[in-house]
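Student: Sharing a structure here in structure tokens format.
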Number of protein chains: 2
Amino acid sequence: MCQLLGMNCIAPTDVMFSFSGFAERGGRTDHHKDGWGIAFFEDKGVRHFVDHQAAAESPVAELIRRYPIKSRNVIAHIRKATQGAVTLQNCHPFVRELWGRYWVFAHNGDLKDYAPRLHGGFRPVGETDSERAFCWLMQELAKAHATVPSVADLTLTLGELVPRIARHGVFNFLFSNGEALWAHASTKLCYALRQHPFGRVTLSDDDLSLNLAELTTPADRVAVVATTPLTQDETWIPLTPGELKVFVDGAPV
Amino acid sequence: MCQLLGMNCIAPTDVMFSFSGFAERGGRTDHHKDGWGIAFFEDKGVRHFVDHQAAAESPVAELIRRYPIKSRNVIAHIRKATQGAVTLQNCHPFVRELWGRYWVFAHNGDLKDYAPRLHGGFRPVGETDSERAFCWLMQELAKAHATVPSVADLTLTLGELVPRIARHGVFNFLFSNGEALWAHASTKLCYALRQHPFGRVTLSDDDLSLNLAELTTPADRVAVVATTPLTQDETWIPLTPGELKVFVDGAPV
């Protein structure tokens with residue numbers, strides 16, 4: 001299995017602190033060493049970094065830990081291969097364009113005997129169940145809407161489509177178009193909200209602590225979603241099995 | 001206008017040397033400071049780095065200069081904005097998926113009054129003439145072939161499509177699916193071949209020189225394509241206006 005990290009914010013925020021703890025799980029505090037990836041939206045553009053080296057050892061991950069890329073929507077993934085070889089084309093997150101927008105997807109889980117009919121404009125490049133699921137989702141979204149739908153409409157469509165994939169196995173995922181962050185849990189996904197008044201936060205996986213009050217303004221608001229809690233001193237709310245949650249401007253809708 | 005750099009090799013090769021000279025043109029030895037980008041194929045996967053900072057100052061470009069990412073097909077671009085704001089979504093190269101393969105495109109030039117009919121599965125995310133041209137090319141390739149064509153067939157199709165864009169203005173571009181590198185010149189593009197016996201090469205834009213004989217085996221072969229010659233001591237062959245050249249395994253076909 002793999003691990004997921006997502007961030008949705010009201011204003012562009014860097015992910016250095018959360019990513020530092022998360023990347024430790026990629027080979028050091030945990031065994032997810034078969035590659036990793038991260039995508040940052042900046043306006044409509046995406047910075048997309050993937051690497052088949054362990055996140056704990058990757059020079060690219062080191063760059064992300066040090067370079068404050070500010071984004072309102074971030075999706076990161078560290079991989080423990082279940083299906084597909086350890087190659088770059090099998091690293092999440094995956095990116096596709098639809099309606100002149102980029103769409104980013106990362107999956108934690110395992111879909112058994114999952115061979116959807118892909119007759120549209122989206123085909124997997126790698127061999128993972130995850131990318132097949134993403135391509136099917138994009139194909140069905142392209143059929144359901146003529147152009148970029150509202151967050152509310154898209155959430156309704158996802159609510160109809162996702163169970164058709166989830167019945168094949170474990171399907172925890174993060175999905176974003178830069179406007180909102182969708183999180184679906186079959187088994188394991190939780191989130192924490194960071195908002196005024198901010199306090200001190202301490203990573204569970206690394207010897208690192210930050211006083212958010214010194215780094216934020218009262219207007220800041222950030223939702224962090226992860227497979228398991230990243231910090232010791234925040235309230236992490238688990239998603240219930242089958243729950244699809246959407247975050248906009250740093251808060252659940 | 002912008003500048004292009006492409007590399008096509010018989011075996012995975014790092015681009016650190018050529019990129020070092022090229023990146024100097026992004027704000028230091030030349031005025032192309034409105035962002036930059038580079039894409040490396042690794043098997044069927046792509047590493048794609050874009051940044052709207054000047055290449056000469058970007059921490060991501062610094063990583064590329066130091067980290068030996070080995071690839072058989074590389075496309076890089078430094079931007080001097082003519083159309084579209086300095087934003088991430090306007091940075092080349094652009095990436096799309098078709099037939100389960102990634103396709104990478106970067107353009108140098110300026111297309112006037114270019115508004116192709118985009119009725120297929122590829123829409124621009126940003127506002128550049130370049131991304132419009134790429135989307136139209138992908139749309140027409142998708143109509144012309146049912147699955148990934150051979151390099152020879154794809155070259156024939158491109159040979160028919162490209163003049164329909166080129167009549168709108170300057171259309172120097174690099175294009176790759178990880179198997180071959182296509183280069184088209186309307187005005188300015190040249191290439192050098194590096195093969196046995198290797199000698200010493202010296203960058204035109206940076207105080208850097210390498211003895212390739214010490215770093216290569218006789219089986220290595222690399223074609224480097226650039227807007228203007230990158231080195232002082234190699235033979236750079238200019239493409240003629242309207243010429244479409246395809247490189248496979250480090251040599252022109």
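Each chain in the structure tokens gets a letter, A, B and so on, in the order shown; residues start at 1 in every chain, and ligands are counted from 1 in the order they appear.
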So which residues touch Ala11 in chain A within 8 Å, counting only C-alpha atoms, skipping near sequence neighbours fewer than 2 positions away, as a PDB file with all heavy atoms, in the first residue's frame?

Tutor:
```pdb
ATOM      1  N   CYS A   9      -5.843  25.103   0.676  1.00  0.00           N
ATOM      2  CA  CYS A   9      -5.638  26.317   1.469  1.00  0.00           C
ATOM      3  C   CYS A   9      -6.419  27.479   0.905  1.00  0.00           C
ATOM      4  O   CYS A   9      -6.695  27.533  -0.295  1.00  0.00           O
ATOM      5  CB  CYS A   9      -4.161  26.730   1.443  1.00  0.00           C
ATOM      6  SG  CYS A   9      -3.035  25.362   1.572  1.00  0.00           S
ATOM      7  N   THR A  13       0.203  28.485   0.202  1.00  0.00           N
ATOM      8  CA  THR A  13       0.923  28.105   1.411  1.00  0.00           C
ATOM      9  C   THR A  13       1.980  27.086   1.008  1.00  0.00           C
ATOM     10  O   THR A  13       1.761  26.303   0.097  1.00  0.00           O
ATOM     11  CB  THR A  13      -0.073  27.443   2.409  1.00  0.00           C
ATOM     12  OG1 THR A  13      -1.161  28.342   2.612  1.00  0.00           O
ATOM     13  CG2 THR A  13       0.577  27.092   3.732  1.00  0.00           C
ATOM     14  N   SER A  71       1.307  27.009  -2.809  1.00  0.00           N
ATOM     15  CA  SER A  71       0.212  26.472  -3.609  1.00  0.00           C
ATOM     16  C   SER A  71      -1.047  26.428  -2.777  1.00  0.00           C
ATOM     17  O   SER A  71      -0.995  26.335  -1.554  1.00  0.00           O
ATOM     18  CB  SER A  71       0.592  25.059  -4.057  1.00  0.00           C
ATOM     19  OG  SER A  71      -0.492  24.416  -4.672  1.00  0.00           O
ATOM     20  N   ARG A  72      -2.207  26.463  -3.435  1.00  0.00           N
ATOM     21  CA  ARG A  72      -3.477  26.323  -2.733  1.00  0.00           C
ATOM     22  C   ARG A  72      -3.969  24.882  -2.770  1.00  0.00           C
ATOM     23  O   ARG A  72      -4.849  24.510  -2.000  1.00  0.00           O
ATOM     24  CB  ARG A  72      -4.522  27.269  -3.322  1.00  0.00           C
ATOM     25  CG  ARG A  72      -4.167  28.745  -3.022  1.00  0.00           C
ATOM     26  CD  ARG A  72      -5.176  29.701  -3.615  1.00  0.00           C
ATOM     27  NE  ARG A  72      -6.490  29.374  -3.105  1.00  0.00           N
ATOM     28  CZ  ARG A  72      -7.606  29.345  -3.850  1.00  0.00           C
ATOM     29  NH1 ARG A  72      -7.554  29.633  -5.122  1.00  0.00           N
ATOM     30  NH2 ARG A  72      -8.757  29.032  -3.305  1.00  0.00           N
ATOM     31  N   ASP A 220      -5.381  33.043   7.510  1.00  0.00           N
ATOM     32  CA  ASP A 220      -4.929  31.782   6.913  1.00  0.00           C
ATOM     33  C   ASP A 220      -5.827  30.619   7.327  1.00  0.00           C
ATOM     34  O   ASP A 220      -6.364  30.596   8.433  1.00  0.00           O
ATOM     35  CB  ASP A 220      -3.482  31.478   7.349  1.00  0.00           C
ATOM     36  CG  ASP A 220      -2.467  32.287   6.544  1.00  0.00           C
ATOM     37  OD1 ASP A 220      -2.751  32.593   5.375  1.00  0.00           O
ATOM     38  OD2 ASP A 220      -1.408  32.620   7.100  1.00  0.00           O
ATOM     39  N   ARG A 221      -5.972  29.671   6.431  1.00  0.00           N
ATOM     40  CA  ARG A 221      -6.714  28.458   6.761  1.00  0.00           C
ATOM     41  C   ARG A 221      -6.250  27.341   5.839  1.00  0.00           C
ATOM     42  O   ARG A 221      -6.196  27.529   4.617  1.00  0.00           O
ATOM     43  CB  ARG A 221      -8.217  28.691   6.603  1.00  0.00           C
ATOM     44  CG  ARG A 221      -9.055  27.631   7.277  1.00  0.00           C
ATOM     45  CD  ARG A 221     -10.520  28.032   7.314  1.00  0.00           C
ATOM     46  NE  ARG A 221     -11.018  28.232   5.954  1.00  0.00           N
ATOM     47  CZ  ARG A 221     -12.102  28.952   5.663  1.00  0.00           C
ATOM     48  NH1 ARG A 221     -12.796  29.539   6.616  1.00  0.00           N
ATOM     49  NH2 ARG A 221     -12.497  29.093   4.413  1.00  0.00           N
ATOM     50  N   ASP A 249     -10.935  26.295  -0.127  1.00  0.00           N
ATOM     51  CA  ASP A 249     -10.433  27.400   0.712  1.00  0.00           C
ATOM     52  C   ASP A 249     -10.040  26.932   2.118  1.00  0.00           C
ATOM     53  O   ASP A 249     -10.285  27.629   3.110  1.00  0.00           O
ATOM     54  CB  ASP A 249     -11.485  28.515   0.811  1.00  0.00           C
ATOM     55  CG  ASP A 249     -11.647  29.244  -0.516  1.00  0.00           C
ATOM     56  OD1 ASP A 249     -10.722  29.186  -1.349  1.00  0.00           O
ATOM     57  OD2 ASP A 249     -12.706  29.864  -0.718  1.00  0.00           O
TER      58      ASP A 249
END
```

Student: With only C-alpha atoms considered, list every residue of chain B at most 9 Å from chain A, as a PyMOL selection string.

Tutor: chain B and resi 42-51+59-60+63+67+87-91+95-102+121-126

Student: Kindly save the residues from that selection, with C-alpha atoms included, as a compact mmCIF listing (two decimals), in the first residue's frame.

Tutor:
```txt
# COMPACT_ATOMS: atom_id res chain seq x y z
CA GLU B 42 12.56 7.79 -18.67
CA ASP B 43 11.15 4.73 -20.38
CA LYS B 44 7.49 5.74 -20.90
CA GLY B 45 7.49 8.10 -17.91
CA VAL B 46 8.27 11.81 -18.01
CA ARG B 47 9.90 14.09 -15.50
CA HIS B 48 8.56 17.55 -16.19
CA PHE B 49 9.97 20.66 -14.51
CA VAL B 50 8.58 24.13 -15.18
CA ASP B 51 9.25 27.40 -13.40
CA PRO B 59 16.42 26.63 -7.53
CA VAL B 60 14.82 23.96 -9.72
CA LEU B 63 18.87 21.00 -9.21
CA TYR B 67 21.50 16.03 -10.49
CA THR B 87 2.67 32.21 -15.37
CA LEU B 88 3.36 28.55 -14.81
CA GLN B 89 0.64 27.41 -17.23
CA ASN B 90 2.38 29.32 -20.04
CA CYS B 91 5.80 27.69 -19.50
CA VAL B 95 2.81 17.53 -21.97
CA ARG B 96 -0.26 15.58 -23.10
CA GLU B 97 -1.18 11.89 -23.16
CA LEU B 98 -2.38 10.14 -26.32
CA TRP B 99 -2.66 6.38 -26.98
CA GLY B 100 -1.14 5.66 -23.56
CA ARG B 101 2.01 7.67 -24.30
CA TYR B 102 3.16 11.08 -23.16
CA GLY B 121 -9.75 16.05 -26.68
CA PHE B 122 -6.94 18.60 -26.30
CA ARG B 123 -7.47 22.12 -24.99
CA PRO B 124 -4.90 24.70 -23.93
CA VAL B 125 -4.65 25.45 -20.20
CA GLY B 126 -2.67 28.65 -20.71
```

Student: Measure the distance from CA of Thr228 in chain A to CA of Leu4 in chain A in Å and round it to one decimal.

Tutor: 8.6 Å

Student: Between A:Arg79, A:His52, A:Arg200, A:Arg164, which is the closest to Leu111 in chain A once you count only C-alpha atoms?

Tutor: A:Arg164

Student: Between CA of Gln195 in chain A and CA of Asn211 in chain A, measure the distance and give it in Å to one decimal.

Tutor: 12.7 Å

Student: What's the separation between CA of Met7 in chain A and CA of Glu57 in chain B, in Å to one decimal place?

Tutor: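 Here the two named atoms are 27.3 Å from each other.
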
Student: May I ask which of the residues B:Asn8, B:Ala23, B:Asn108, B:Thr155 is the closest one to Leu230 in chain B, counting only C-alpha atoms?

Tutor: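 The shortest atom-to-atom distance to Leu230 in chain B comes from B:Ala23.
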
Student: I need the residues in range 153-187 of chain B that are alpha helix (DSSP H) according to DSSP; give them as a PyMOL selection string.

Tutor: chain B and resi 153-166

Student: Could you pull out the residues in range 42-197 of chain B that DSSP calls strand (DSSP E or B) from the backbone, as a PyMOL selection string?

Tutor: chain B and resi 42+45-51+70-78+94-98+101-111+169-176+181-184+190-195

Student: Could you list, as a count of residues only, every residue within 10 Å of Ser130 in chain B, counting only C-alpha atoms and ignoring same-chain residues fewer than 3 positions away?

Tutor: 24

Student: Can you list, as a list in words, every protein, DNA or RNA residue that comes within 9 Å of Gly26 in chain A when you count only C-alpha atoms, leaving out same-chain residues fewer than 4 positions away?

Tutor: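 Once the nearby chain positions are removed, what remains is Gln3, Phe22, Asp30, His31, His32, Lys33, Asp34, Gly35, Trp36, Ala54, Ala55, Ala56, Glu57, Ile78, Arg79 and Lys80 of chain A.
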
Student: Counting only C-alpha atoms, figure out which residue out of B:Ile237, B:Ala223, B:Ile75, B:Leu174 gets nearest to Ile38 in chain B.

Tutor: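 Looking at the shortest contact to Ile38 in chain B, the residue is B:Ile75.
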
Student: Using only C-alpha atoms, which residues sit within 9 Å of Glu243 in chain A once same-chain residues fewer than 5 positions away are excluded, as a list in words?

Tutor: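 The neighbour list is Ala183, His184, Ala185 and Ser186 of chain A.
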
Student: Suppose we keep N, CA, C and O atoms; can you now write the selection as an mmCIF file, in the first residue's frame?

Tutor:
```cif
data_model
loop_
_atom_site.group_PDB
_atom_site.id
_atom_site.type_symbol
_atom_site.label_atom_id
_atom_site.label_comp_id
_atom_site.auth_asym_id
_atom_site.auth_seq_id
_atom_site.Cartn_x
_atom_site.Cartn_y
_atom_site.Cartn_z
ATOM 1 N N ALA A 183 -11.334 14.119 -1.468
ATOM 2 C CA ALA A 183 -10.696 13.002 -0.768
ATOM 3 C C ALA A 183 -11.746 11.916 -0.594
ATOM 4 O O ALA A 183 -12.861 12.189 -0.148
ATOM 5 N N HIS A 184 -11.396 10.703 -0.974
ATOM 6 C CA HIS A 184 -12.307 9.576 -0.772
ATOM 7 C C HIS A 184 -11.593 8.506 0.043
ATOM 8 O O HIS A 184 -10.440 8.171 -0.230
ATOM 9 N N ALA A 185 -12.302 7.974 1.036
ATOM 10 C CA ALA A 185 -11.739 6.904 1.870
ATOM 11 C C ALA A 185 -12.544 5.629 1.691
ATOM 12 O O ALA A 185 -13.775 5.659 1.758
ATOM 13 N N SER A 186 -11.835 4.514 1.403
ATOM 14 C CA SER A 186 -12.500 3.215 1.595
ATOM 15 C C SER A 186 -12.100 2.695 2.953
ATOM 16 O O SER A 186 -12.863 2.012 3.604
#
```

Student: Which polymer residues have any atom within 10 Å of an atom of Thr217 in chain A, counting only C-alpha atoms, with same-chain residues fewer than 2 positions away left out, as number ranges by chain?

Tutor: A: 195-198, 212-215, 219-221

Student: Could you save those same residues with N, CA, C and O atoms as a CSV table (one decimal), in the first residue's frame?

Tutor:
```csv
chain,number,residue,atom,x,y,z
A,195,GLN,N,-6.3,26.6,11.6
A,195,GLN,CA,-6.9,27.9,11.4
A,195,GLN,C,-6.7,28.7,12.7
A,195,GLN,O,-6.2,28.2,13.7
A,196,HIS,N,-7.0,30.0,12.7
A,196,HIS,CA,-6.8,30.9,13.8
A,196,HIS,C,-7.6,30.4,15.0
A,196,HIS,O,-8.8,30.0,14.8
A,197,PRO,N,-7.2,30.3,16.3
A,197,PRO,CA,-5.9,30.7,16.7
A,197,PRO,C,-4.9,29.5,16.5
A,197,PRO,O,-5.2,28.4,16.8
A,198,PHE,N,-3.7,29.8,15.8
A,198,PHE,CA,-2.8,28.8,15.5
A,198,PHE,C,-1.9,28.5,16.7
A,198,PHE,O,-1.6,29.4,17.5
A,212,LEU,N,3.0,27.7,14.5
A,212,LEU,CA,2.3,28.3,13.4
A,212,LEU,C,1.8,29.7,13.6
A,212,LEU,O,1.7,30.5,12.7
A,213,ALA,N,1.6,30.1,14.9
A,213,ALA,CA,1.2,31.4,15.2
A,213,ALA,C,2.2,32.5,14.7
A,213,ALA,O,1.8,33.6,14.3
A,214,GLU,N,3.5,32.1,14.7
A,214,GLU,CA,4.5,33.0,14.2
A,214,GLU,C,4.6,33.1,12.7
A,214,GLU,O,5.2,34.0,12.2
A,215,LEU,N,4.0,32.2,12.0
A,215,LEU,CA,4.2,32.0,10.6
A,215,LEU,C,2.9,32.4,9.8
A,215,LEU,O,2.9,32.3,8.6
A,219,ALA,N,-6.1,35.3,8.9
A,219,ALA,CA,-6.9,34.9,7.7
A,219,ALA,C,-6.5,33.6,7.1
A,219,ALA,O,-7.3,33.1,6.3
A,220,ASP,N,-5.4,33.0,7.5
A,220,ASP,CA,-4.9,31.8,6.9
A,220,ASP,C,-5.8,30.6,7.3
A,220,ASP,O,-6.4,30.6,8.4
A,221,ARG,N,-6.0,29.7,6.4
A,221,ARG,CA,-6.7,28.5,6.8
A,221,ARG,C,-6.3,27.3,5.8
A,221,ARG,O,-6.2,27.5,4.6
```

Student: Near Pro68 in chain B, counting only C-alpha atoms, which residues have an atom at most 8 Å away, once you skip same-chain residues fewer than 2 positions from it, shown as a ChimeraX atom specification?

Tutor: /B:14-16,64-66,70

Student: Just write the chosen residues, N, CA and C atoms, as an mmCIF file, in the first residue's frame.

Tutor:
```
data_model
loop_
_atom_site.group_PDB
_atom_site.id
_atom_site.type_symbol
_atom_site.label_atom_id
_atom_site.label_comp_id
_atom_site.auth_asym_id
_atom_site.auth_seq_id
_atom_site.Cartn_x
_atom_site.Cartn_y
_atom_site.Cartn_z
ATOM 1 N N ASP B 14 23.019 12.052 -19.341
ATOM 2 C CA ASP B 14 22.549 13.232 -18.619
ATOM 3 C C ASP B 14 22.801 14.485 -19.448
ATOM 4 N N VAL B 15 22.018 15.517 -19.176
ATOM 5 C CA VAL B 15 22.035 16.733 -19.992
ATOM 6 C C VAL B 15 22.683 17.885 -19.225
ATOM 7 N N MET B 16 23.368 17.557 -18.096
ATOM 8 C CA MET B 16 23.884 18.595 -17.208
ATOM 9 C C MET B 16 24.787 19.601 -17.929
ATOM 10 N N ILE B 64 18.651 20.692 -11.627
ATOM 11 C CA ILE B 64 18.886 20.011 -12.915
ATOM 12 C C ILE B 64 20.373 20.083 -13.287
ATOM 13 N N ARG B 65 21.005 21.216 -12.963
ATOM 14 C CA ARG B 65 22.426 21.377 -13.289
ATOM 15 C C ARG B 65 23.309 20.404 -12.508
ATOM 16 N N ARG B 66 22.815 19.967 -11.302
ATOM 17 C CA ARG B 66 23.653 19.157 -10.417
ATOM 18 C C ARG B 66 23.260 17.686 -10.356
ATOM 19 N N LYS B 70 19.236 10.794 -16.171
ATOM 20 C CA LYS B 70 19.639 10.218 -17.461
ATOM 21 C C LYS B 70 18.418 9.918 -18.314
#
```
